[in-house]
>>> print(open('target.cif').read())   # mmCIF, C-alpha atoms
data_model
loop_
_atom_site.label_atom_id
_atom_site.label_comp_id
_atom_site.auth_asym_id
_atom_site.auth_seq_id
_atom_site.Cartn_x
_atom_site.Cartn_y
_atom_site.Cartn_z
CA MET D 1 4.42 -26.05 19.94
CA THR D 2 7.06 -26.93 17.35
CA THR D 3 10.81 -26.41 17.06
CA GLY D 4 12.59 -23.77 15.04
CA SER D 5 15.68 -24.16 12.89
CA ASP D 6 17.90 -23.94 16.01
CA GLY D 7 15.93 -26.56 17.94
CA ALA D 8 14.17 -24.07 20.24
CA GLU D 9 10.47 -24.47 20.93
CA VAL D 10 8.20 -22.07 19.03
CA ASP D 11 4.58 -21.23 19.85
CA LEU D 12 2.87 -20.97 16.47
CA GLN D 13 -0.39 -19.69 17.97
CA LEU D 14 -2.41 -22.00 15.75
CA HIS D 15 -5.66 -20.99 17.48
CA ARG D 16 -5.65 -17.58 15.74
CA ALA D 17 -5.28 -16.35 12.21
CA HIS D 18 -1.85 -15.08 11.23
CA SER D 19 -1.08 -12.70 8.37
CA ALA D 20 1.92 -14.76 7.21
CA ARG D 21 -0.17 -17.91 6.98
CA MET D 22 -3.01 -16.04 5.27
CA TYR D 23 -0.51 -14.82 2.66
CA ASP D 24 0.75 -18.38 2.28
CA TYR D 25 -2.84 -19.48 1.63
CA TYR D 26 -3.32 -16.80 -1.05
CA LEU D 27 -0.17 -18.09 -2.77
CA GLY D 28 -1.46 -21.66 -2.74
CA GLY D 29 0.87 -22.83 0.02
CA THR D 30 0.22 -25.49 2.64
CA THR D 31 1.62 -23.81 5.77
CA ASN D 32 -1.76 -22.56 6.96
CA PHE D 33 -4.49 -23.79 9.29
CA ALA D 34 -8.24 -23.52 9.79
CA PRO D 35 -8.24 -20.05 11.46
CA ASP D 36 -5.95 -18.72 8.71
CA ARG D 37 -8.13 -20.13 5.95
CA GLU D 38 -11.28 -18.80 7.59
CA ALA D 39 -9.86 -15.28 7.87
CA ALA D 40 -8.46 -15.47 4.34
CA GLY D 41 -11.87 -16.53 3.09
CA GLN D 42 -13.43 -13.51 4.80
CA ALA D 43 -10.79 -11.28 3.21
CA MET D 44 -11.48 -12.70 -0.24
CA ALA D 45 -15.22 -12.21 0.28
CA VAL D 46 -14.69 -8.44 0.52
CA PHE D 47 -11.54 -8.21 -1.63
CA PRO D 48 -11.99 -10.97 -4.22
CA TRP D 49 -8.61 -10.34 -5.83
CA ALA D 50 -6.51 -11.22 -2.75
CA ARG D 51 -4.85 -14.16 -4.51
CA THR D 52 -4.11 -12.03 -7.56
CA ALA D 53 -2.62 -9.27 -5.41
CA ALA D 54 -0.40 -11.71 -3.49
CA ARG D 55 0.89 -13.35 -6.66
CA ALA D 56 1.55 -10.00 -8.35
CA ASN D 57 3.49 -8.91 -5.30
CA ARG D 58 5.55 -12.11 -5.29
CA ALA D 59 6.28 -11.69 -8.99
CA PHE D 60 7.47 -8.12 -8.34
CA MET D 61 9.92 -9.43 -5.73
CA GLN D 62 11.34 -11.91 -8.20
CA ARG D 63 11.66 -9.40 -11.06
CA SER D 64 13.28 -6.74 -8.89
CA THR D 65 15.73 -9.24 -7.39
CA ARG D 66 16.78 -10.46 -10.84
CA LEU D 67 17.26 -6.91 -12.04
CA LEU D 68 19.45 -5.90 -9.12
CA ALA D 69 21.49 -9.09 -9.31
CA ASP D 70 21.97 -8.44 -13.04
CA ARG D 71 23.16 -4.92 -12.14
CA GLY D 72 25.88 -6.40 -9.94
CA ILE D 73 24.41 -6.25 -6.44
CA THR D 74 25.51 -9.34 -4.53
CA GLN D 75 24.09 -8.57 -1.06
CA PHE D 76 20.42 -8.61 -0.07
CA LEU D 77 18.61 -7.84 3.20
CA ASP D 78 15.03 -9.11 3.12
CA ILE D 79 13.02 -7.79 6.09
CA GLY D 80 9.63 -9.44 6.55
CA ALA D 81 10.67 -12.51 4.59
CA GLY D 82 7.45 -14.43 5.18
CA ILE D 83 6.87 -18.16 4.98
CA PRO D 84 9.35 -19.74 2.52
CA THR D 85 7.82 -20.09 -0.95
CA SER D 86 10.13 -21.25 -3.72
CA PRO D 87 11.68 -19.53 -5.50
CA ASN D 88 12.75 -17.52 -2.46
CA LEU D 89 14.79 -14.35 -2.84
CA HIS D 90 18.14 -16.09 -2.42
CA GLU D 91 17.23 -18.65 -5.08
CA VAL D 92 16.43 -15.87 -7.57
CA ALA D 93 19.60 -13.91 -6.76
CA GLN D 94 21.90 -16.93 -6.75
CA ARG D 95 20.64 -18.09 -10.13
CA VAL D 96 22.10 -14.85 -11.47
CA ASN D 97 25.18 -14.86 -9.24
CA PRO D 98 25.92 -17.96 -7.13
CA ARG D 99 28.04 -15.79 -4.83
CA ALA D 100 25.08 -13.68 -3.70
CA ARG D 101 24.60 -13.33 0.06
CA VAL D 102 21.17 -12.91 1.63
CA VAL D 103 20.00 -12.15 5.16
CA TYR D 104 16.34 -12.82 5.91
CA THR D 105 14.59 -11.31 8.92
CA ASP D 106 11.10 -11.80 10.33
CA ASN D 107 9.38 -11.65 13.70
CA ASP D 108 6.66 -14.20 12.90
CA PRO D 109 6.96 -17.49 14.81
CA ILE D 110 5.77 -19.51 11.81
CA VAL D 111 8.59 -18.11 9.67
CA TYR D 112 11.14 -18.88 12.37
CA ALA D 113 9.89 -22.47 12.52
CA HIS D 114 10.49 -22.86 8.78
CA ALA D 115 13.64 -20.75 8.51
CA GLN D 116 15.78 -23.73 7.55
CA ALA D 117 14.20 -23.58 4.09
CA LEU D 118 15.73 -20.11 3.70
CA LEU D 119 19.23 -21.30 4.47
CA HIS D 120 19.93 -23.61 1.52
CA SER D 121 22.51 -21.40 -0.13
CA THR D 122 24.82 -22.24 -2.98
CA GLU D 123 28.31 -23.25 -1.90
CA GLN D 124 29.70 -19.98 -3.23
CA GLY D 125 27.09 -17.76 -1.55
CA ARG D 126 25.58 -17.57 1.90
CA THR D 127 22.24 -17.04 3.61
CA ALA D 128 21.35 -16.25 7.22
CA TYR D 129 18.20 -15.69 9.25
CA VAL D 130 17.58 -13.08 11.97
CA GLN D 131 14.57 -13.33 14.26
CA ALA D 132 13.72 -9.63 14.63
CA ASP D 133 10.98 -7.03 14.25
CA VAL D 134 11.20 -4.26 11.65
CA ARG D 135 10.11 -1.86 14.40
CA GLU D 136 13.52 -2.42 16.00
CA PRO D 137 15.94 -1.67 13.14
CA GLU D 138 18.92 -1.43 15.50
CA ALA D 139 18.40 -5.08 16.49
CA ILE D 140 18.47 -6.06 12.83
CA LEU D 141 21.46 -3.93 11.86
CA GLY D 142 23.46 -4.97 14.89
CA SER D 143 22.71 -8.68 14.75
CA PRO D 144 25.72 -11.02 14.53
CA GLU D 145 24.07 -12.95 11.71
CA LEU D 146 23.82 -9.84 9.56
CA ARG D 147 27.30 -8.56 10.40
CA GLU D 148 28.86 -11.95 9.63
CA THR D 149 27.02 -12.30 6.31
CA LEU D 150 26.86 -8.83 4.77
CA ASP D 151 29.50 -6.15 4.33
CA LEU D 152 27.67 -2.87 4.92
CA ALA D 153 30.53 -0.96 3.33
CA ARG D 154 29.40 -2.40 -0.03
CA PRO D 155 26.00 -1.98 -1.76
CA VAL D 156 23.06 -3.87 -0.29
CA ALA D 157 19.57 -4.35 -1.72
CA LEU D 158 17.08 -3.70 1.08
CA SER D 159 13.81 -5.54 0.45
CA LEU D 160 10.65 -4.33 2.24
CA VAL D 161 8.02 -6.14 0.22
CA ALA D 162 4.40 -6.08 1.43
CA LEU D 163 5.60 -5.31 4.94
CA LEU D 164 5.15 -1.69 5.95
CA HIS D 165 1.36 -1.68 5.77
CA PHE D 166 1.61 -3.78 8.94
CA VAL D 167 3.23 -0.79 10.71
CA PRO D 168 0.19 1.33 11.60
CA GLY D 169 1.96 4.61 12.38
CA THR D 170 2.95 6.46 9.21
CA ASP D 171 5.61 8.56 10.96
CA GLU D 172 7.00 5.40 12.57
CA ALA D 173 7.10 3.57 9.24
CA HIS D 174 8.98 6.41 7.56
CA ALA D 175 11.40 6.70 10.49
CA ILE D 176 12.17 2.97 10.27
CA VAL D 177 12.95 3.15 6.55
CA ASP D 178 15.04 6.31 6.98
CA ARG D 179 17.13 4.57 9.66
CA LEU D 180 17.73 1.54 7.46
CA LYS D 181 18.58 3.69 4.44
CA ARG D 182 21.15 5.70 6.41
CA GLU D 183 23.09 2.52 7.21
CA LEU D 184 23.56 1.58 3.57
CA PRO D 185 26.30 2.92 1.27
CA SER D 186 26.06 4.54 -2.14
CA GLY D 187 24.91 2.11 -4.81
CA SER D 188 22.52 0.32 -2.47
CA ALA D 189 18.90 -0.25 -3.51
CA LEU D 190 15.49 -0.08 -1.84
CA VAL D 191 12.87 -2.55 -3.05
CA LEU D 192 9.45 -1.79 -1.61
CA SER D 193 5.79 -2.62 -2.19
CA HIS D 194 2.88 -1.37 -0.12
CA GLY D 195 -0.90 -1.73 -0.06
CA THR D 196 -2.92 1.32 -1.10
CA PRO D 197 -6.56 2.48 -1.04
CA ASP D 198 -6.07 4.53 -4.20
CA PHE D 199 -7.46 2.02 -6.71
CA ALA D 200 -10.26 0.28 -4.78
CA PRO D 201 -11.00 2.33 -1.64
CA ALA D 202 -14.14 0.50 -0.50
CA GLU D 203 -12.69 -2.99 -0.94
CA THR D 204 -9.34 -2.18 0.71
CA GLU D 205 -11.12 -0.59 3.68
CA ARG D 206 -13.21 -3.72 4.15
CA VAL D 207 -10.21 -6.05 3.89
CA ALA D 208 -8.37 -3.93 6.48
CA GLN D 209 -11.35 -4.43 8.79
CA VAL D 210 -11.13 -8.22 8.31
CA TYR D 211 -7.45 -8.18 9.28
CA ALA D 212 -8.18 -5.99 12.30
CA ALA D 213 -10.86 -8.42 13.46
CA ALA D 214 -8.28 -11.21 13.16
CA GLY D 215 -5.85 -9.27 15.34
CA THR D 216 -3.62 -7.56 12.74
CA ILE D 217 -3.82 -3.82 12.05
CA VAL D 218 -3.28 -2.92 8.40
CA ARG D 219 -2.65 0.66 7.27
CA MET D 220 -3.08 1.18 3.54
CA ARG D 221 -1.26 4.29 2.30
CA THR D 222 -1.70 6.72 -0.57
CA ARG D 223 0.75 7.19 -3.42
CA GLU D 224 2.16 10.31 -1.75
CA GLU D 225 2.73 8.47 1.53
CA VAL D 226 4.43 5.54 -0.20
CA ALA D 227 6.58 7.85 -2.36
CA ARG D 228 8.09 9.36 0.82
CA PHE D 229 9.84 6.07 1.59
CA PHE D 230 12.10 6.71 -1.41
CA ASP D 231 13.04 10.31 -0.56
CA GLY D 232 16.64 11.12 -1.48
CA TRP D 233 17.14 8.01 -3.61
CA ARG D 234 16.86 7.72 -7.41
CA LEU D 235 13.85 5.78 -8.62
CA LEU D 236 14.51 3.33 -11.43
CA ASP D 237 12.11 3.27 -14.37
CA PRO D 238 9.13 3.04 -14.40
CA GLY D 239 9.05 4.77 -11.00
CA LEU D 240 6.31 4.17 -8.44
CA VAL D 241 3.56 2.14 -10.07
CA ALA D 242 1.08 -0.64 -9.32
CA THR D 243 3.00 -3.86 -8.60
CA HIS D 244 2.07 -5.61 -11.84
CA ARG D 245 3.18 -2.56 -13.87
CA TRP D 246 6.75 -2.61 -12.57
CA ARG D 247 8.77 -3.98 -15.51
CA PRO D 248 6.33 -6.78 -16.43
CA ASP D 249 7.71 -9.77 -18.28
CA GLY D 250 6.45 -12.95 -19.87
CA ASP D 251 5.77 -14.53 -16.48
CA ASP D 252 3.01 -12.07 -15.65
CA ALA D 253 -0.66 -12.97 -15.36
CA ASP D 254 -2.89 -13.71 -18.31
CA PRO D 255 -5.53 -12.31 -18.55
CA PRO D 256 -4.13 -8.91 -17.65
CA VAL D 257 -4.36 -7.72 -14.04
CA THR D 258 -5.90 -4.37 -13.12
CA ASP D 259 -4.66 -1.76 -10.65
CA ALA D 260 -7.68 -2.41 -8.41
CA GLN D 261 -6.89 -6.12 -8.29
CA THR D 262 -3.35 -5.54 -7.02
CA SER D 263 -4.12 -2.42 -4.91
CA ALA D 264 -0.45 -1.94 -4.13
CA TYR D 265 2.39 0.30 -5.23
CA ALA D 266 5.91 -0.88 -5.94
CA ALA D 267 9.22 0.68 -6.85
CA VAL D 268 12.99 0.23 -6.74
CA ALA D 269 15.34 3.09 -5.96
CA VAL D 270 19.15 3.43 -5.77
CA LYS D 271 21.15 5.48 -3.29
CA PRO D 272 23.25 8.15 -5.03
#
>>> encode(input="target.cif", output="structure tokens")
Amino acid sequence: MTTGSDGAEVDLQLHRAHSARMYDYYLGGTTNFAPDREAAGQAMAVFPWARTAARANRAFMQRSTRLLADRGITQFLDIGAGIPTSPNLHEVAQRVNPRARVVYTDNDPIVYAHAQALLHSTEQGRTAYVQADVREPEAILGSPELRETLDLARPVALSLVALLHFVPGTDEAHAIVDRLKRELPSGSALVLSHGTPDFAPAETERVAQVYAAAGTIVRMRTREEVARFFDGWRLLDPGLVATHRWRPDGDDADPPVTDAQTSAYAAVAVKP
């Protein structure tokens, strides 16, 4: 047991591997434990580019956030925030515009326990944290923390980064995104990345089996299935591409990363 940011006791379930802590391990973080490292090691044994994929995904989040902040979006809703790893989304956005407001949501107990790290906003801006599951979008959209922080009558950047492959049902995943998109006004943006079997089918199938054995179902999806999440919204250039190919900059990996190594699609779209 530990305490969360509000002082409540949180069961971190340290006896079993957790996807958030495994991701933290791939990124070189320290908020992980023996079961997490063991499962992550098994994942890397069958998908040796797990660290590369995680870092490419994190870099996509940072690039897309900077772009949208540069385009004038000042409100961000990050669902599936994960364990805090600086620079977090609010740090990236508030470097561009100190008045940016960010709401983080996650259902993982480890994230809740470390949520205070997500709340260090600039004086001009604001951040908030909602303990909620993406499978219950109404709980997120109706939460007091969100309603007090974001104005849903103005554009919001909805971030669903490396999250939806943890929703096994494809119809359910699309219904969740459609519900969230309907709530947002014209000018809002959808930032999304998602694991795919398209580039390395054998390796991604084996890594999905490792996660399943650790208690987490992962559903990799094809390009067509991922593209459906953006239906009705206008994709920004370069469209739906492998994560490392979405507007790469000087911070990207050297040597170059391959599509198989990232095995994920990413895109940003704007609501007309």
>>> residues_around(input="target.cif", residues="D:Arg99", least_positions_apart="2", cutoff="7 Å", atoms="all atoms listed in the file", output="list in words")
Thr74, Gln94, Asn97, Arg101, Gln124 and Gly125 of chain D
>>> atom_distance(input="target.cif", atom1="atom CA of D:Thr85", atom2="atom CA of D:Leu160")
16.3 Å
>>> resolve_selection(input="target.cif", expression="the PyMOL selection byres ((chain D and resi 120) around 12)", output="JSON, numbers by chain")
{"D": [84, 86, 87, 88, 89, 90, 91, 94, 98, 101, 102, 114, 115, 116, 117, 118, 119, 121, 122, 123, 124, 125, 126, 127, 128, 129]}
>>> residues_around(input="target.cif", residues="D:Arg206", least_positions_apart="5", cutoff="10 Å", atoms="only C-alpha atoms", output="VMD selection string")
chain D and resid 42 to 43 45 to 47 201 211 to 212
>>> write_last_selection(input="target.cif", atoms="C-alpha atoms", output="PDB file, in the frame of the given file")
ATOM      1  CA  GLN D  42     -13.430 -13.510   4.800  1.00  0.00           C
ATOM      2  CA  ALA D  43     -10.790 -11.280   3.210  1.00  0.00           C
ATOM      3  CA  ALA D  45     -15.220 -12.210   0.280  1.00  0.00           C
ATOM      4  CA  VAL D  46     -14.690  -8.440   0.520  1.00  0.00           C
ATOM      5  CA  PHE D  47     -11.540  -8.210  -1.630  1.00  0.00           C
ATOM      6  CA  PRO D 201     -11.000   2.330  -1.640  1.00  0.00           C
ATOM      7  CA  TYR D 211      -7.450  -8.180   9.280  1.00  0.00           C
ATOM      8  CA  ALA D 212      -8.180  -5.990  12.300  1.00  0.00           C
TER       9      ALA D 212
END
>>> residues_around(input="target.cif", residues="D:Gly169", least_positions_apart="5", cutoff="12 Å", atoms="only C-alpha atoms", output="number ranges by chain")
D: 135, 164, 174-176, 217-221, 225
>>> closest_atom_pairs(input="target.cif", of="stretch 190-267 of chain D", to="stretch 58-67 of chain D", cutoff="10 Å", atoms="only C-alpha atoms", output="Markdown table")
| residue | atom | partner | partner_atom | distance |
| --- | --- | --- | --- | --- |
| D:Leu190 | CA | D:Ser64 | CA | 9.9 |
| D:Val191 | CA | D:Ser64 | CA | 7.2 |
| D:Leu192 | CA | D:Met61 | CA | 8.7 |
| D:Ser193 | CA | D:Phe60 | CA | 8.4 |
| D:Ala242 | CA | D:Phe60 | CA | 9.9 |
| D:Thr243 | CA | D:Phe60 | CA | 6.2 |
| D:His244 | CA | D:Phe60 | CA | 6.9 |
| D:Arg245 | CA | D:Phe60 | CA | 8.9 |
| D:Trp246 | CA | D:Phe60 | CA | 7.0 |
| D:Arg247 | CA | D:Arg63 | CA | 7.6 |
| D:Pro248 | CA | D:Arg63 | CA | 8.0 |
| D:Asp249 | CA | D:Arg63 | CA | 8.2 |
| D:Asp251 | CA | D:Ala59 | CA | 8.0 |
| D:Asp252 | CA | D:Ala59 | CA | 7.4 |
| D:Ala253 | CA | D:Ala59 | CA | 9.5 |
| D:Ala266 | CA | D:Phe60 | CA | 7.8 |
| D:Ala267 | CA | D:Ser64 | CA | 8.7 |
>>> residues_near_point(input="target.cif", point="(3.9, -24.5, 7.1)", cutoff="9 Å", atoms="all atoms listed in the file", output="list of chain:residue names")
D:Arg21, D:Asp24, D:Gly29, D:Thr30, D:Thr31, D:Asn32, D:Phe33, D:Ile83, D:Pro84, D:Ile110, D:Val111, D:Ala113, D:His114
>>> resolve_selection(input="target.cif", expression="the PyMOL selection byres ((chain D and resi 184) around 12)", output="short mmCIF file (atom, residue, chain, number, x, y, z; two decimals) with C-alpha atoms, in the coordinates of the input")
data_model
loop_
_atom_site.label_atom_id
_atom_site.label_comp_id
_atom_site.auth_asym_id
_atom_site.auth_seq_id
_atom_site.Cartn_x
_atom_site.Cartn_y
_atom_site.Cartn_z
CA GLN D 75 24.09 -8.57 -1.06
CA PHE D 76 20.42 -8.61 -0.07
CA LEU D 77 18.61 -7.84 3.20
CA LEU D 141 21.46 -3.93 11.86
CA LEU D 150 26.86 -8.83 4.77
CA ASP D 151 29.50 -6.15 4.33
CA LEU D 152 27.67 -2.87 4.92
CA ALA D 153 30.53 -0.96 3.33
CA ARG D 154 29.40 -2.40 -0.03
CA PRO D 155 26.00 -1.98 -1.76
CA VAL D 156 23.06 -3.87 -0.29
CA ALA D 157 19.57 -4.35 -1.72
CA LEU D 158 17.08 -3.70 1.08
CA VAL D 177 12.95 3.15 6.55
CA ASP D 178 15.04 6.31 6.98
CA ARG D 179 17.13 4.57 9.66
CA LEU D 180 17.73 1.54 7.46
CA LYS D 181 18.58 3.69 4.44
CA ARG D 182 21.15 5.70 6.41
CA GLU D 183 23.09 2.52 7.21
CA PRO D 185 26.30 2.92 1.27
CA SER D 186 26.06 4.54 -2.14
CA GLY D 187 24.91 2.11 -4.81
CA SER D 188 22.52 0.32 -2.47
CA ALA D 189 18.90 -0.25 -3.51
CA LEU D 190 15.49 -0.08 -1.84
CA TRP D 233 17.14 8.01 -3.61
CA VAL D 270 19.15 3.43 -5.77
CA LYS D 271 21.15 5.48 -3.29
CA PRO D 272 23.25 8.15 -5.03
#
>>> atom_distance(input="target.cif", atom1="atom CA of D:Asp108", atom2="atom CA of D:Ser19")
9.1 Å
>>> atom_distance(input="target.cif", atom1="atom CA of D:Gly72", atom2="atom CA of D:Thr105")
22.5 Å
>>> resolve_selection(input="target.cif", expression="the PyMOL selection byres ((chain D and resi 223) around 8)", output="PyMOL selection string")
chain D and resi 196+198+221-222+224-227+265
>>> axis_aligned_box(input="target.cif", around="stretch 202-220 of chain D", padding_each_side="5 Å", output="AutoDock Vina command-line options")
--center_x -8.4 --center_y -5.0 --center_z 7.2 --size_x 21.5 --size_y 22.4 --size_z 26.3
>>> residues_around(input="target.cif", residues="D:Leu14", least_positions_apart="2", cutoff="8 Å", atoms="only C-alpha atoms", output="PyMOL selection string")
chain D and resi 12+16-17+33+35
>>> closest_residue(input="target.cif", among="D:Glu205, D:Glu172, D:Ala100, D:Arg55", to="D:Phe229", atoms="only C-alpha atoms")
D:Glu172
>>> build_atoms(input="target.cif", residues="stretch 150-170 of chain D", atoms="N, CA and C atoms", output="tab-separated table (two decimals), keeping the file's coordinate frame")
chain	number	residue	atom	x	y	z
D	150	LEU	N	26.83	-9.96	5.69
D	150	LEU	CA	26.86	-8.83	4.77
D	150	LEU	C	27.95	-7.85	5.15
D	151	ASP	N	28.53	-7.22	4.15
D	151	ASP	CA	29.50	-6.15	4.33
D	151	ASP	C	28.79	-4.84	4.05
D	152	LEU	N	28.46	-4.09	5.10
D	152	LEU	CA	27.67	-2.87	4.92
D	152	LEU	C	28.48	-1.71	4.36
D	153	ALA	N	29.73	-1.97	4.04
D	153	ALA	CA	30.53	-0.96	3.33
D	153	ALA	C	30.33	-1.10	1.82
D	154	ARG	N	29.69	-2.19	1.39
D	154	ARG	CA	29.40	-2.40	-0.03
D	154	ARG	C	27.89	-2.38	-0.25
D	155	PRO	N	27.44	-2.13	-1.49
D	155	PRO	CA	26.00	-1.98	-1.76
D	155	PRO	C	25.17	-3.18	-1.31
D	156	VAL	N	24.01	-2.86	-0.76
D	156	VAL	CA	23.06	-3.87	-0.29
D	156	VAL	C	21.69	-3.52	-0.87
D	157	ALA	N	20.96	-4.53	-1.31
D	157	ALA	CA	19.57	-4.35	-1.72
D	157	ALA	C	18.68	-4.62	-0.52
D	158	LEU	N	17.99	-3.60	-0.06
D	158	LEU	CA	17.08	-3.70	1.08
D	158	LEU	C	15.69	-3.98	0.56
D	159	SER	N	15.13	-5.12	0.93
D	159	SER	CA	13.81	-5.54	0.45
D	159	SER	C	12.78	-5.38	1.57
D	160	LEU	N	11.77	-4.55	1.32
D	160	LEU	CA	10.65	-4.33	2.24
D	160	LEU	C	9.37	-4.56	1.45
D	161	VAL	N	9.10	-5.79	1.13
D	161	VAL	CA	8.02	-6.14	0.22
D	161	VAL	C	6.78	-6.54	1.01
D	162	ALA	N	5.69	-5.81	0.77
D	162	ALA	CA	4.40	-6.08	1.43
D	162	ALA	C	4.54	-6.17	2.94
D	163	LEU	N	5.32	-5.27	3.51
D	163	LEU	CA	5.60	-5.31	4.94
D	163	LEU	C	5.08	-4.08	5.68
D	164	LEU	N	5.35	-2.90	5.17
D	164	LEU	CA	5.15	-1.69	5.95
D	164	LEU	C	3.69	-1.34	6.19
D	165	HIS	N	2.76	-1.93	5.43
D	165	HIS	CA	1.36	-1.68	5.77
D	165	HIS	C	0.94	-2.39	7.05
D	166	PHE	N	1.85	-3.19	7.62
D	166	PHE	CA	1.61	-3.78	8.94
D	166	PHE	C	2.22	-2.94	10.07
D	167	VAL	N	2.77	-1.77	9.72
D	167	VAL	CA	3.23	-0.79	10.71
D	167	VAL	C	2.21	0.33	10.70
D	168	PRO	N	1.32	0.40	11.68
D	168	PRO	CA	0.19	1.33	11.60
D	168	PRO	C	0.58	2.81	11.57
D	169	GLY	N	1.59	3.20	12.33
D	169	GLY	CA	1.96	4.61	12.38
D	169	GLY	C	2.75	5.03	11.17
D	170	THR	N	2.26	6.02	10.42
D	170	THR	CA	2.95	6.46	9.21
D	170	THR	C	4.29	7.10	9.53
